[in-house]
file protein.pdb (PDB, C-alpha atoms and all ligand atoms)
ATOM      1  CA  MET N1476     282.628-143.230 -45.173  1.00  0.00           C
ATOM      2  CA  LYS N1477     278.899-142.876 -44.802  1.00  0.00           C
ATOM      3  CA  VAL N1478     277.837-139.526 -43.393  1.00  0.00           C
ATOM      4  CA  VAL N1479     274.770-139.782 -41.159  1.00  0.00           C
ATOM      5  CA  LYS N1480     272.765-136.603 -40.780  1.00  0.00           C
ATOM      6  CA  LYS N1481     271.316-136.279 -37.291  1.00  0.00           C
ATOM      7  CA  THR N1482     268.689-133.756 -36.330  1.00  0.00           C
ATOM      8  CA  ILE N1483     269.627-132.444 -32.915  1.00  0.00           C
ATOM      9  CA  GLU N1484     266.930-129.793 -32.523  1.00  0.00           C
ATOM     10  CA  VAL N1485     263.368-129.533 -33.782  1.00  0.00           C
ATOM     11  CA  GLN N1486     260.834-126.755 -33.549  1.00  0.00           C
ATOM     12  CA  ILE N1487     257.143-127.567 -33.245  1.00  0.00           C
ATOM     13  CA  LYS N1488     254.756-124.632 -33.231  1.00  0.00           C
ATOM     14  CA  ASP N1489     255.965-122.318 -30.421  1.00  0.00           C
ATOM     15  CA  LYS N1490     258.336-124.790 -28.731  1.00  0.00           C
ATOM     16  CA  ASP N1491     261.918-125.987 -29.260  1.00  0.00           C
ATOM     17  CA  PHE N1492     263.051-129.507 -28.510  1.00  0.00           C
ATOM     18  CA  LYS N1493     266.483-131.117 -28.379  1.00  0.00           C
ATOM     19  CA  LEU N1494     267.564-134.678 -29.103  1.00  0.00           C
ATOM     20  CA  PHE N1495     266.933-136.893 -26.089  1.00  0.00           C
ATOM     21  CA  ILE N1496     266.879-140.563 -27.193  1.00  0.00           C
ATOM     22  CA  SER N1497     268.418-141.453 -30.550  1.00  0.00           C
ATOM     23  CA  GLU N1498     266.942-143.814 -33.132  1.00  0.00           C
ATOM     24  CA  SER N1499     269.611-146.450 -32.445  1.00  0.00           C
ATOM     25  CA  GLU N1500     269.059-146.295 -28.670  1.00  0.00           C
ATOM     26  CA  ILE N1501     265.325-146.770 -29.241  1.00  0.00           C
ATOM     27  CA  GLN N1502     265.823-149.718 -31.579  1.00  0.00           C
ATOM     28  CA  THR N1503     268.330-151.404 -29.244  1.00  0.00           C
ATOM     29  CA  GLU N1504     265.937-151.118 -26.309  1.00  0.00           C
ATOM     30  CA  ILE N1505     263.024-152.396 -28.384  1.00  0.00           C
ATOM     31  CA  SER N1506     264.894-155.561 -29.342  1.00  0.00           C
ATOM     32  CA  LYS N1507     265.683-156.186 -25.650  1.00  0.00           C
ATOM     33  CA  LEU N1508     262.028-155.672 -24.687  1.00  0.00           C
ATOM     34  CA  ALA N1509     260.882-157.986 -27.484  1.00  0.00           C
ATOM     35  CA  ALA N1510     263.335-160.680 -26.378  1.00  0.00           C
ATOM     36  CA  LYS N1511     261.870-160.608 -22.847  1.00  0.00           C
ATOM     37  CA  ILE N1512     258.313-160.758 -24.163  1.00  0.00           C
ATOM     38  CA  ASN N1513     259.158-163.591 -26.606  1.00  0.00           C
ATOM     39  CA  ASN N1514     260.538-165.508 -23.669  1.00  0.00           C
ATOM     40  CA  ASP N1515     257.759-164.748 -21.152  1.00  0.00           C
ATOM     41  CA  TYR N1516     254.868-165.395 -23.553  1.00  0.00           C
ATOM     42  CA  ALA N1517     256.171-168.435 -25.465  1.00  0.00           C
ATOM     43  CA  GLY N1518     253.320-170.840 -26.242  1.00  0.00           C
ATOM     44  CA  LYS N1519     250.601-168.437 -25.023  1.00  0.00           C
ATOM     45  CA  ASP N1520     247.615-166.976 -26.841  1.00  0.00           C
ATOM     46  CA  VAL N1521     248.710-163.321 -26.994  1.00  0.00           C
ATOM     47  CA  ILE N1522     247.079-160.154 -28.246  1.00  0.00           C
ATOM     48  CA  PHE N1523     248.972-156.863 -28.456  1.00  0.00           C
ATOM     49  CA  LEU N1524     246.693-153.848 -28.058  1.00  0.00           C
ATOM     50  CA  GLY N1525     248.372-150.655 -29.254  1.00  0.00           C
ATOM     51  CA  VAL N1526     247.037-147.409 -27.815  1.00  0.00           C
ATOM     52  CA  LEU N1527     246.555-144.849 -30.583  1.00  0.00           C
ATOM     53  CA  ASN N1528     247.738-142.400 -31.664  1.00  0.00           C
ATOM     54  CA  GLY N1529     251.055-142.261 -29.846  1.00  0.00           C
ATOM     55  CA  ALA N1530     252.015-145.951 -29.903  1.00  0.00           C
ATOM     56  CA  PHE N1531     251.782-146.518 -33.664  1.00  0.00           C
ATOM     57  CA  MET N1532     255.547-146.429 -34.306  1.00  0.00           C
ATOM     58  CA  PHE N1533     256.433-148.405 -31.202  1.00  0.00           C
ATOM     59  CA  VAL N1534     253.885-151.120 -32.043  1.00  0.00           C
ATOM     60  CA  ALA N1535     255.299-151.406 -35.574  1.00  0.00           C
ATOM     61  CA  ASP N1536     258.927-151.722 -34.457  1.00  0.00           C
ATOM     62  CA  LEU N1537     258.192-153.905 -31.424  1.00  0.00           C
ATOM     63  CA  LEU N1538     256.115-156.352 -33.430  1.00  0.00           C
ATOM     64  CA  LYS N1539     258.842-156.750 -36.068  1.00  0.00           C
ATOM     65  CA  ASN N1540     260.903-158.261 -33.232  1.00  0.00           C
ATOM     66  CA  ILE N1541     258.160-160.484 -31.814  1.00  0.00           C
ATOM     67  CA  ASN N1542     258.257-164.100 -32.951  1.00  0.00           C
ATOM     68  CA  LEU N1543     255.130-165.324 -31.128  1.00  0.00           C
ATOM     69  CA  GLU N1544     251.917-166.394 -32.823  1.00  0.00           C
ATOM     70  CA  CYS N1545     249.864-163.366 -31.860  1.00  0.00           C
ATOM     71  CA  GLU N1546     247.150-160.892 -32.743  1.00  0.00           C
ATOM     72  CA  VAL N1547     247.708-157.153 -33.063  1.00  0.00           C
ATOM     73  CA  SER N1548     244.967-154.605 -32.656  1.00  0.00           C
ATOM     74  CA  PHE N1549     244.567-150.953 -31.715  1.00  0.00           C
ATOM     75  CA  ILE N1550     242.430-149.046 -29.252  1.00  0.00           C
ATOM     76  CA  LYS N1551     241.972-145.332 -28.809  1.00  0.00           C
ATOM     77  CA  VAL N1552     241.280-143.056 -25.864  1.00  0.00           C
ATOM     78  CA  SER N1553     241.573-139.324 -25.628  1.00  0.00           C
ATOM     79  CA  SER N1554     242.717-137.458 -22.519  1.00  0.00           C
ATOM     80  CA  TYR N1555     245.611-135.145 -23.220  1.00  0.00           C
ATOM     81  CA  LYS N1556     245.876-131.556 -24.477  1.00  0.00           C
ATOM     82  CA  GLY N1557     249.051-129.482 -24.827  1.00  0.00           C
ATOM     83  CA  THR N1558     251.900-130.279 -22.438  1.00  0.00           C
ATOM     84  CA  SER N1559     250.136-131.436 -19.253  1.00  0.00           C
ATOM     85  CA  THR N1560     247.814-134.329 -18.524  1.00  0.00           C
ATOM     86  CA  THR N1561     244.189-133.387 -17.842  1.00  0.00           C
ATOM     87  CA  GLY N1562     243.341-136.629 -16.108  1.00  0.00           C
ATOM     88  CA  ASN N1563     240.040-136.866 -17.999  1.00  0.00           C
ATOM     89  CA  VAL N1564     239.841-140.104 -19.878  1.00  0.00           C
ATOM     90  CA  HIS N1565     237.015-140.597 -22.324  1.00  0.00           C
ATOM     91  CA  GLU N1566     235.687-143.759 -23.935  1.00  0.00           C
ATOM     92  CA  LEU N1567     237.701-146.627 -25.306  1.00  0.00           C
ATOM     93  CA  ILE N1568     237.144-147.357 -28.992  1.00  0.00           C
ATOM     94  CA  GLY N1569     238.344-150.120 -31.281  1.00  0.00           C
ATOM     95  CA  LEU N1570     237.906-153.204 -29.102  1.00  0.00           C
ATOM     96  CA  VAL N1571     236.181-155.649 -31.399  1.00  0.00           C
ATOM     97  CA  SER N1572     237.307-159.197 -30.679  1.00  0.00           C
ATOM     98  CA  SER N1573     236.782-160.753 -27.257  1.00  0.00           C
ATOM     99  CA  LEU N1574     239.773-160.789 -24.946  1.00  0.00           C
ATOM    100  CA  LYS N1575     238.428-163.591 -22.786  1.00  0.00           C
ATOM    101  CA  ASP N1576     241.135-166.082 -21.832  1.00  0.00           C
ATOM    102  CA  LYS N1577     243.760-164.284 -23.919  1.00  0.00           C
ATOM    103  CA  HIS N1578     247.046-162.889 -22.659  1.00  0.00           C
ATOM    104  CA  VAL N1579     246.670-159.175 -23.297  1.00  0.00           C
ATOM    105  CA  LEU N1580     249.612-156.817 -23.621  1.00  0.00           C
ATOM    106  CA  ILE N1581     248.657-153.154 -23.809  1.00  0.00           C
ATOM    107  CA  VAL N1582     251.281-151.283 -25.832  1.00  0.00           C
ATOM    108  CA  GLU N1583     251.757-147.632 -24.826  1.00  0.00           C
ATOM    109  CA  ASP N1584     254.131-144.956 -26.067  1.00  0.00           C
ATOM    110  CA  ILE N1585     254.460-143.381 -22.623  1.00  0.00           C
ATOM    111  CA  VAL N1586     253.104-143.865 -19.118  1.00  0.00           C
ATOM    112  CA  ASP N1587     253.009-140.507 -17.350  1.00  0.00           C
ATOM    113  CA  THR N1588     250.450-140.240 -14.515  1.00  0.00           C
ATOM    114  CA  GLY N1589     249.158-143.715 -15.378  1.00  0.00           C
ATOM    115  CA  LEU N1590     245.540-142.521 -15.232  1.00  0.00           C
ATOM    116  CA  THR N1591     244.842-143.385 -18.869  1.00  0.00           C
ATOM    117  CA  LEU N1592     246.153-146.850 -18.223  1.00  0.00           C
ATOM    118  CA  ASP N1593     244.009-147.339 -15.106  1.00  0.00           C
ATOM    119  CA  LYS N1594     240.919-146.545 -17.157  1.00  0.00           C
ATOM    120  CA  ILE N1595     241.938-148.852 -20.015  1.00  0.00           C
ATOM    121  CA  TYR N1596     242.772-151.559 -17.502  1.00  0.00           C
ATOM    122  CA  SER N1597     239.379-151.480 -15.841  1.00  0.00           C
ATOM    123  CA  MET N1598     237.567-151.592 -19.184  1.00  0.00           C
ATOM    124  CA  ILE N1599     239.648-154.482 -20.496  1.00  0.00           C
ATOM    125  CA  ASP N1600     239.477-156.416 -17.248  1.00  0.00           C
ATOM    126  CA  HIS N1601     235.709-156.750 -17.787  1.00  0.00           C
ATOM    127  CA  ASP N1602     236.503-159.088 -20.681  1.00  0.00           C
ATOM    128  CA  GLU N1603     238.213-161.520 -18.297  1.00  0.00           C
ATOM    129  CA  PRO N1604     241.549-161.921 -20.074  1.00  0.00           C
ATOM    130  CA  ASN N1605     243.881-164.643 -18.862  1.00  0.00           C
ATOM    131  CA  SER N1606     246.481-161.986 -18.051  1.00  0.00           C
ATOM    132  CA  LEU N1607     246.803-158.241 -18.580  1.00  0.00           C
ATOM    133  CA  GLU N1608     250.126-156.383 -18.635  1.00  0.00           C
ATOM    134  CA  VAL N1609     251.546-153.204 -20.072  1.00  0.00           C
ATOM    135  CA  VAL N1610     254.563-152.586 -22.264  1.00  0.00           C
ATOM    136  CA  SER N1611     255.498-148.944 -22.653  1.00  0.00           C
ATOM    137  CA  LEU N1612     258.446-147.446 -24.485  1.00  0.00           C
ATOM    138  CA  LEU N1613     258.737-144.604 -21.956  1.00  0.00           C
ATOM    139  CA  TYR N1614     257.835-144.397 -18.271  1.00  0.00           C
ATOM    140  CA  LYS N1615     257.856-141.295 -16.041  1.00  0.00           C
ATOM    141  CA  PRO N1616     257.979-142.822 -12.520  1.00  0.00           C
ATOM    142  CA  ASP N1617     258.116-139.393 -10.811  1.00  0.00           C
ATOM    143  CA  SER N1618     254.686-138.398 -12.114  1.00  0.00           C
ATOM    144  CA  PHE N1619     253.112-141.855 -11.889  1.00  0.00           C
ATOM    145  CA  LYS N1620     250.107-142.079  -9.559  1.00  0.00           C
ATOM    146  CA  GLY N1621     248.215-145.002 -11.071  1.00  0.00           C
ATOM    147  CA  ASN N1622     247.586-148.566  -9.958  1.00  0.00           C
ATOM    148  CA  HIS N1623     249.187-150.381 -12.868  1.00  0.00           C
ATOM    149  CA  PRO N1624     252.853-149.583 -13.512  1.00  0.00           C
ATOM    150  CA  PRO N1625     254.127-151.050 -16.787  1.00  0.00           C
ATOM    151  CA  LYS N1626     255.617-154.521 -16.378  1.00  0.00           C
ATOM    152  CA  TYR N1627     257.877-153.838 -19.369  1.00  0.00           C
ATOM    153  CA  PHE N1628     259.308-150.454 -20.303  1.00  0.00           C
ATOM    154  CA  GLY N1629     262.158-149.257 -22.476  1.00  0.00           C
ATOM    155  CA  PHE N1630     263.273-146.044 -20.788  1.00  0.00           C
ATOM    156  CA  SER N1631     262.539-144.551 -17.385  1.00  0.00           C
ATOM    157  CA  ILE N1632     262.659-140.764 -17.929  1.00  0.00           C
ATOM    158  CA  PRO N1633     262.364-137.630 -15.769  1.00  0.00           C
ATOM    159  CA  ASN N1634     259.111-135.719 -15.651  1.00  0.00           C
ATOM    160  CA  LYS N1635     259.825-133.654 -18.797  1.00  0.00           C
ATOM    161  CA  PHE N1636     257.747-133.213 -21.907  1.00  0.00           C
ATOM    162  CA  VAL N1637     258.990-135.230 -24.886  1.00  0.00           C
ATOM    163  CA  VAL N1638     257.972-135.567 -28.534  1.00  0.00           C
ATOM    164  CA  GLY N1639     258.746-137.690 -31.553  1.00  0.00           C
ATOM    165  CA  TYR N1640     258.582-141.371 -32.448  1.00  0.00           C
ATOM    166  CA  GLY N1641     254.788-141.246 -32.220  1.00  0.00           C
ATOM    167  CA  LEU N1642     254.513-138.732 -29.364  1.00  0.00           C
ATOM    168  CA  ASP N1643     253.062-135.339 -30.225  1.00  0.00           C
ATOM    169  CA  TYR N1644     252.973-131.744 -29.154  1.00  0.00           C
ATOM    170  CA  MET N1645     249.568-130.388 -30.169  1.00  0.00           C
ATOM    171  CA  GLU N1646     249.216-133.248 -32.679  1.00  0.00           C
ATOM    172  CA  GLN N1647     252.515-132.491 -34.399  1.00  0.00           C
ATOM    173  CA  GLY N1648     256.006-133.966 -34.192  1.00  0.00           C
ATOM    174  CA  ARG N1649     254.999-137.627 -34.238  1.00  0.00           C
ATOM    175  CA  ASN N1650     256.914-138.372 -37.451  1.00  0.00           C
ATOM    176  CA  THR N1651     260.519-138.603 -36.243  1.00  0.00           C
ATOM    177  CA  SER N1652     262.743-141.645 -35.636  1.00  0.00           C
ATOM    178  CA  ALA N1653     264.214-140.177 -32.444  1.00  0.00           C
ATOM    179  CA  ILE N1654     262.710-138.673 -29.275  1.00  0.00           C
ATOM    180  CA  TYR N1655     263.184-135.007 -28.368  1.00  0.00           C
ATOM    181  CA  LYS N1656     262.907-133.177 -25.046  1.00  0.00           C
ATOM    182  CA  LEU N1657     261.361-129.747 -24.509  1.00  0.00           C
ATOM    183  CA  ILE N1658     263.909-126.956 -24.055  1.00  0.00           C
ATOM    184  CA  GLU N1659     262.586-124.945 -21.114  1.00  0.00           C
TER     185      GLU N1659
HETATM  186  P1  LIG T1701     248.966-140.534 -18.540  1.00  0.00           P
HETATM  187  O1  LIG T1701     249.302-139.295 -17.757  1.00  0.00           O
HETATM  188  O2  LIG T1701     249.845-141.683 -18.147  1.00  0.00           O
HETATM  189  O3  LIG T1701     247.504-140.843 -18.432  1.00  0.00           O
HETATM  190  O4  LIG T1701     249.311-140.215 -20.045  1.00  0.00           O
HETATM  191  C1  LIG T1701     248.322-140.082 -21.009  1.00  0.00           C
HETATM  192  C2  LIG T1701     248.865-139.774 -22.352  1.00  0.00           C
HETATM  193  O5  LIG T1701     249.476-138.505 -22.310  1.00  0.00           O
HETATM  194  C3  LIG T1701     249.950-140.677 -22.935  1.00  0.00           C
HETATM  195  O6  LIG T1701     249.484-141.858 -23.517  1.00  0.00           O
HETATM  196  C4  LIG T1701     250.529-139.748 -23.994  1.00  0.00           C
HETATM  197  O7  LIG T1701     249.756-139.785 -25.163  1.00  0.00           O
HETATM  198  C5  LIG T1701     250.403-138.390 -23.326  1.00  0.00           C
HETATM  199  N1  LIG T1701     251.678-137.929 -22.773  1.00  0.00           N
HETATM  200  C6  LIG T1701     252.136-138.046 -21.504  1.00  0.00           C
HETATM  201  N2  LIG T1701     253.354-137.507 -21.376  1.00  0.00           N
HETATM  202  C7  LIG T1701     253.686-137.027 -22.601  1.00  0.00           C
HETATM  203  C8  LIG T1701     254.846-136.373 -23.133  1.00  0.00           C
HETATM  204  O8  LIG T1701     255.866-136.108 -22.461  1.00  0.00           O
HETATM  205  N3  LIG T1701     254.791-136.053 -24.454  1.00  0.00           N
HETATM  206  C9  LIG T1701     253.724-136.316 -25.259  1.00  0.00           C
HETATM  207  N4  LIG T1701     252.638-136.933 -24.800  1.00  0.00           N
HETATM  208  C10 LIG T1701     252.614-137.296 -23.498  1.00  0.00           C
END

call {"tool": "encode", "arguments": {"input": "protein.pdb", "output": "structure tokens"}}
result
Amino acid sequence: MKVVKKTIEVQIKDKDFKLFISESEIQTEISKLAAKINNDYAGKDVIFLGVLNGAFMFVADLLKNINLECEVSFIKVSSYKGTSTTGNVHELIGLVSSLKDKHVLIVEDIVDTGLTLDKIYSMIDHDEPNSLEVVSLLYKPDSFKGNHPPKYFGFSIPNKFVVGYGLDYMEQGRNTSAIYKLIE
């Protein structure tokens, strides 16, 4: 019998976190999301725009399940310090090719207040894409106050701070296969 070692608690700096969403739950949800996207975007000119840093793992795993002819690129914004959103979104970097007439899917790790997304949306909309939607692994509907809820999301979660699978606490904890929740 194969023994699988599972980390159920992690410590990052001054905080403790416990297992919240396992690697297999994440991967199962990602294949379902990818199946919907493969279906909805069949035959379309699609570009996936991953939002760094947090979405790097999600983009990698999602795209392994996407069978469309598509482009993949990354953009970066910076707005978040510690465990609460500041609401200040700075510039968008990394957009090189034109998005005009393309079907753009922004790929986020998490949508919390949705303010980052609103800013990204308005900047990308200038490029006149054919369509613009969001796919996010996690969505916190209770703290959402933006104008663009994600069309596709993997997990709707309570308004708690989470880390792992790309998400950080003070820039650490991104390098896990599962997602962990802050122990308060
Ligand atoms: P917003 O509040 O939707 O603008 O979220 C902005 C960014 O905050 C997200 O893209 C994440 O990088 C980060 N963020 C929001 N909630 C969490 C969390 O629970 N853990 C780690 N990062 C988070």

call {"tool": "closest_residue", "arguments": {"input": "protein.pdb", "among": "N:Gly1589, N:Gly1525, N:Gly1639, N:Gly1648", "to": "Pro1624 in chain N", "atoms": "all atoms listed in the file"}}
result
N:Gly1589

call {"tool": "resolve_selection", "arguments": {"input": "protein.pdb", "expression": "the PyMOL selection byres (((chain N and resi 1570) around 10) and not hetatm)", "output": "MDAnalysis selection string"}}
result
chainID N and resid 1524 1548:1551 1567:1569 1571:1574 1599

call {"tool": "atom_distance", "arguments": {"input": "protein.pdb", "atom1": "CA of Met1532 in chain N", "atom2": "CA of Gly1641 in chain N"}}
result
5.6 Å

call {"tool": "residues_near_ligand", "arguments": {"input": "protein.pdb", "ligand": "ligand LIG 1701 (chain T)", "cutoff": "6 Å", "atoms": "all atoms listed in the file", "output": "PyMOL selection string"}}
result
chain N and resi 1529+1555+1560+1585-1591+1635-1638+1642-1643

call {"tool": "axis_aligned_box", "arguments": {"input": "protein.pdb", "around": "range 1570-1577 of chain N", "padding_each_side": "6 Å", "output": "lines of an AutoDock Vina configuration file"}}
result
center_x = 240.0
center_y = -159.6
center_z = -26.6
size_x = 19.6
size_y = 24.9
size_z = 21.6

call {"tool": "atom_distance", "arguments": {"input": "protein.pdb", "atom1": "CA of Val1534 in chain N", "atom2": "CA of Asn1622 in chain N"}}
result
23.1 Å

call {"tool": "residues_around", "arguments": {"input": "protein.pdb", "residues": "range 1506-1511 of chain N", "least_positions_apart": "4", "cutoff": "9 Å", "atoms": "only C-alpha atoms", "output": "list in words"}}
result
Ile1501, Gln1502, Asp1515, Tyr1516, Asp1536, Leu1537, Leu1538, Lys1539, Asn1540, Ile1541, Asn1542, Val1610, Leu1612, Tyr1627, Phe1628 and Gly1629 of chain N

call {"tool": "residues_around", "arguments": {"input": "protein.pdb", "residues": "range 1601-1606 of chain N", "least_positions_apart": "4", "cutoff": "8 Å", "atoms": "all atoms listed in the file", "output": "PyMOL selection string"}}
result
chain N and resi 1573-1579+1597

call {"tool": "write_last_selection", "arguments": {"input": "protein.pdb", "atoms": "C-alpha atoms", "output": "PDB file, in the coordinates of the input"}}
result
ATOM      1  CA  SER N1573     236.782-160.753 -27.257  1.00  0.00           C
ATOM      2  CA  LEU N1574     239.773-160.789 -24.946  1.00  0.00           C
ATOM      3  CA  LYS N1575     238.428-163.591 -22.786  1.00  0.00           C
ATOM      4  CA  ASP N1576     241.135-166.082 -21.832  1.00  0.00           C
ATOM      5  CA  LYS N1577     243.760-164.284 -23.919  1.00  0.00           C
ATOM      6  CA  HIS N1578     247.046-162.889 -22.659  1.00  0.00           C
ATOM      7  CA  VAL N1579     246.670-159.175 -23.297  1.00  0.00           C
ATOM      8  CA  SER N1597     239.379-151.480 -15.841  1.00  0.00           C
TER       9      SER N1597
END

call {"tool": "resolve_selection", "arguments": {"input": "protein.pdb", "expression": "the PyMOL selection byres (((chain N and resi 1543) around 9) and not hetatm)", "output": "list in words"}}
result
Ile1512, Asn1513, Tyr1516, Ala1517, Gly1518, Lys1519, Asp1520, Val1521, Ile1541, Asn1542, Glu1544 and Cys1545 of chain N

call {"tool": "residues_near_point", "arguments": {"input": "protein.pdb", "point": "(246.9, -151.1, -17.1)", "cutoff": "8 Å", "atoms": "all atoms listed in the file", "output": "list in words"}}
result
Ile1581, Gly1589, Leu1592, Asp1593, Lys1594, Ile1595, Tyr1596, Ser1597, Leu1607, Glu1608, Val1609, Asn1622, His1623, Pro1624 and Pro1625 of chain N

call {"tool": "residues_around", "arguments": {"input": "protein.pdb", "residues": "range 1489-1494 of chain N", "least_positions_apart": "4", "cutoff": "9 Å", "atoms": "only C-alpha atoms", "output": "count of residues only"}}
result
14

call {"tool": "closest_residue", "arguments": {"input": "protein.pdb", "among": "N:Ser1631, N:Ser1499, N:Asn1514, N:Ser1611", "to": "Val1582 in chain N", "atoms": "all atoms listed in the file"}}
result
N:Ser1611

call {"tool": "resolve_selection", "arguments": {"input": "protein.pdb", "expression": "the PyMOL selection byres (((chain N and resi 1618) around 8) and not hetatm)", "output": "ChimeraX atom specification"}}
result
/N:1587-1588,1615-1617,1619-1620,1634

call {"tool": "atom_distance", "arguments": {"input": "protein.pdb", "atom1": "CA of Gln1486 in chain N", "atom2": "CA of Met1645 in chain N"}}
result
12.3 Å

call {"tool": "closest_residue", "arguments": {"input": "protein.pdb", "among": "N:Phe1495, N:Ile1522, N:Leu1580, N:Phe1531", "to": "Pro1633 in chain N", "atoms": "all atoms listed in the file"}}
result
N:Phe1495

call {"tool": "residues_around", "arguments": {"input": "protein.pdb", "residues": "Phe1630 in chain N", "least_positions_apart": "6", "cutoff": "8 Å", "atoms": "all atoms listed in the file", "output": "compact mmCIF listing (two decimals) with C-alpha atoms, keeping the file's coordinate frame"}}
result
# COMPACT_ATOMS: atom_id res chain seq x y z
CA GLU N 1504 265.94 -151.12 -26.31
CA LEU N 1612 258.45 -147.45 -24.48
CA LEU N 1613 258.74 -144.60 -21.96
CA TYR N 1614 257.83 -144.40 -18.27

call {"tool": "build_atoms", "arguments": {"input": "protein.pdb", "residues": "range 1642-1659 of chain N", "atoms": "N, CA and C atoms", "output": "PDB file, keeping the file's coordinate frame"}}
result
ATOM      1  N   LEU N1642     255.025-139.678 -30.376  1.00  0.00           N
ATOM      2  CA  LEU N1642     254.513-138.732 -29.364  1.00  0.00           C
ATOM      3  C   LEU N1642     254.367-137.338 -29.986  1.00  0.00           C
ATOM      4  N   ASP N1643     253.334-136.633 -29.590  1.00  0.00           N
ATOM      5  CA  ASP N1643     253.062-135.339 -30.225  1.00  0.00           C
ATOM      6  C   ASP N1643     253.132-134.167 -29.266  1.00  0.00           C
ATOM      7  N   TYR N1644     253.287-132.995 -29.856  1.00  0.00           N
ATOM      8  CA  TYR N1644     252.973-131.744 -29.154  1.00  0.00           C
ATOM      9  C   TYR N1644     251.899-131.084 -30.004  1.00  0.00           C
ATOM     10  N   MET N1645     250.723-130.918 -29.453  1.00  0.00           N
ATOM     11  CA  MET N1645     249.568-130.388 -30.169  1.00  0.00           C
ATOM     12  C   MET N1645     249.399-131.064 -31.542  1.00  0.00           C
ATOM     13  N   GLU N1646     249.437-132.385 -31.511  1.00  0.00           N
ATOM     14  CA  GLU N1646     249.216-133.248 -32.679  1.00  0.00           C
ATOM     15  C   GLU N1646     250.328-133.196 -33.726  1.00  0.00           C
ATOM     16  N   GLN N1647     251.415-132.499 -33.438  1.00  0.00           N
ATOM     17  CA  GLN N1647     252.515-132.491 -34.399  1.00  0.00           C
ATOM     18  C   GLN N1647     253.774-133.101 -33.785  1.00  0.00           C
ATOM     19  N   GLY N1648     254.708-133.467 -34.650  1.00  0.00           N
ATOM     20  CA  GLY N1648     256.006-133.966 -34.192  1.00  0.00           C
ATOM     21  C   GLY N1648     256.052-135.468 -34.017  1.00  0.00           C
ATOM     22  N   ARG N1649     255.007-136.168 -34.443  1.00  0.00           N
ATOM     23  CA  ARG N1649     254.999-137.627 -34.238  1.00  0.00           C
ATOM     24  C   ARG N1649     255.953-138.343 -35.196  1.00  0.00           C
ATOM     25  N   ASN N1650     256.260-137.687 -36.330  1.00  0.00           N
ATOM     26  CA  ASN N1650     256.914-138.372 -37.451  1.00  0.00           C
ATOM     27  C   ASN N1650     258.442-138.239 -37.430  1.00  0.00           C
ATOM     28  N   THR N1651     259.055-138.577 -36.294  1.00  0.00           N
ATOM     29  CA  THR N1651     260.519-138.603 -36.243  1.00  0.00           C
ATOM     30  C   THR N1651     260.965-139.979 -35.745  1.00  0.00           C
ATOM     31  N   SER N1652     262.214-140.335 -36.060  1.00  0.00           N
ATOM     32  CA  SER N1652     262.743-141.645 -35.636  1.00  0.00           C
ATOM     33  C   SER N1652     263.378-141.578 -34.262  1.00  0.00           C
ATOM     34  N   ALA N1653     263.613-140.358 -33.770  1.00  0.00           N
ATOM     35  CA  ALA N1653     264.214-140.177 -32.444  1.00  0.00           C
ATOM     36  C   ALA N1653     263.206-139.479 -31.536  1.00  0.00           C
ATOM     37  N   ILE N1654     263.572-139.354 -30.248  1.00  0.00           N
ATOM     38  CA  ILE N1654     262.710-138.673 -29.275  1.00  0.00           C
ATOM     39  C   ILE N1654     263.409-137.399 -28.820  1.00  0.00           C
ATOM     40  N   TYR N1655     262.646-136.329 -28.702  1.00  0.00           N
ATOM     41  CA  TYR N1655     263.184-135.007 -28.368  1.00  0.00           C
ATOM     42  C   TYR N1655     262.556-134.495 -27.075  1.00  0.00           C
ATOM     43  N   LYS N1656     263.354-133.694 -26.351  1.00  0.00           N
ATOM     44  CA  LYS N1656     262.907-133.177 -25.046  1.00  0.00           C
ATOM     45  C   LYS N1656     262.699-131.665 -25.147  1.00  0.00           C
ATOM     46  N   LEU N1657     261.671-131.177 -24.486  1.00  0.00           N
ATOM     47  CA  LEU N1657     261.361-129.747 -24.509  1.00  0.00           C
ATOM     48  C   LEU N1657     262.515-128.938 -23.915  1.00  0.00           C
ATOM     49  N   ILE N1658     262.913-127.872 -24.618  1.00  0.00           N
ATOM     50  CA  ILE N1658     263.909-126.956 -24.055  1.00  0.00           C
ATOM     51  C   ILE N1658     263.140-125.902 -23.269  1.00  0.00           C
ATOM     52  N   GLU N1659     263.382-125.855 -21.952  1.00  0.00           N
ATOM     53  CA  GLU N1659     262.586-124.945 -21.114  1.00  0.00           C
ATOM     54  C   GLU N1659     263.317-123.638 -20.839  1.00  0.00           C
TER      55      GLU N1659
END
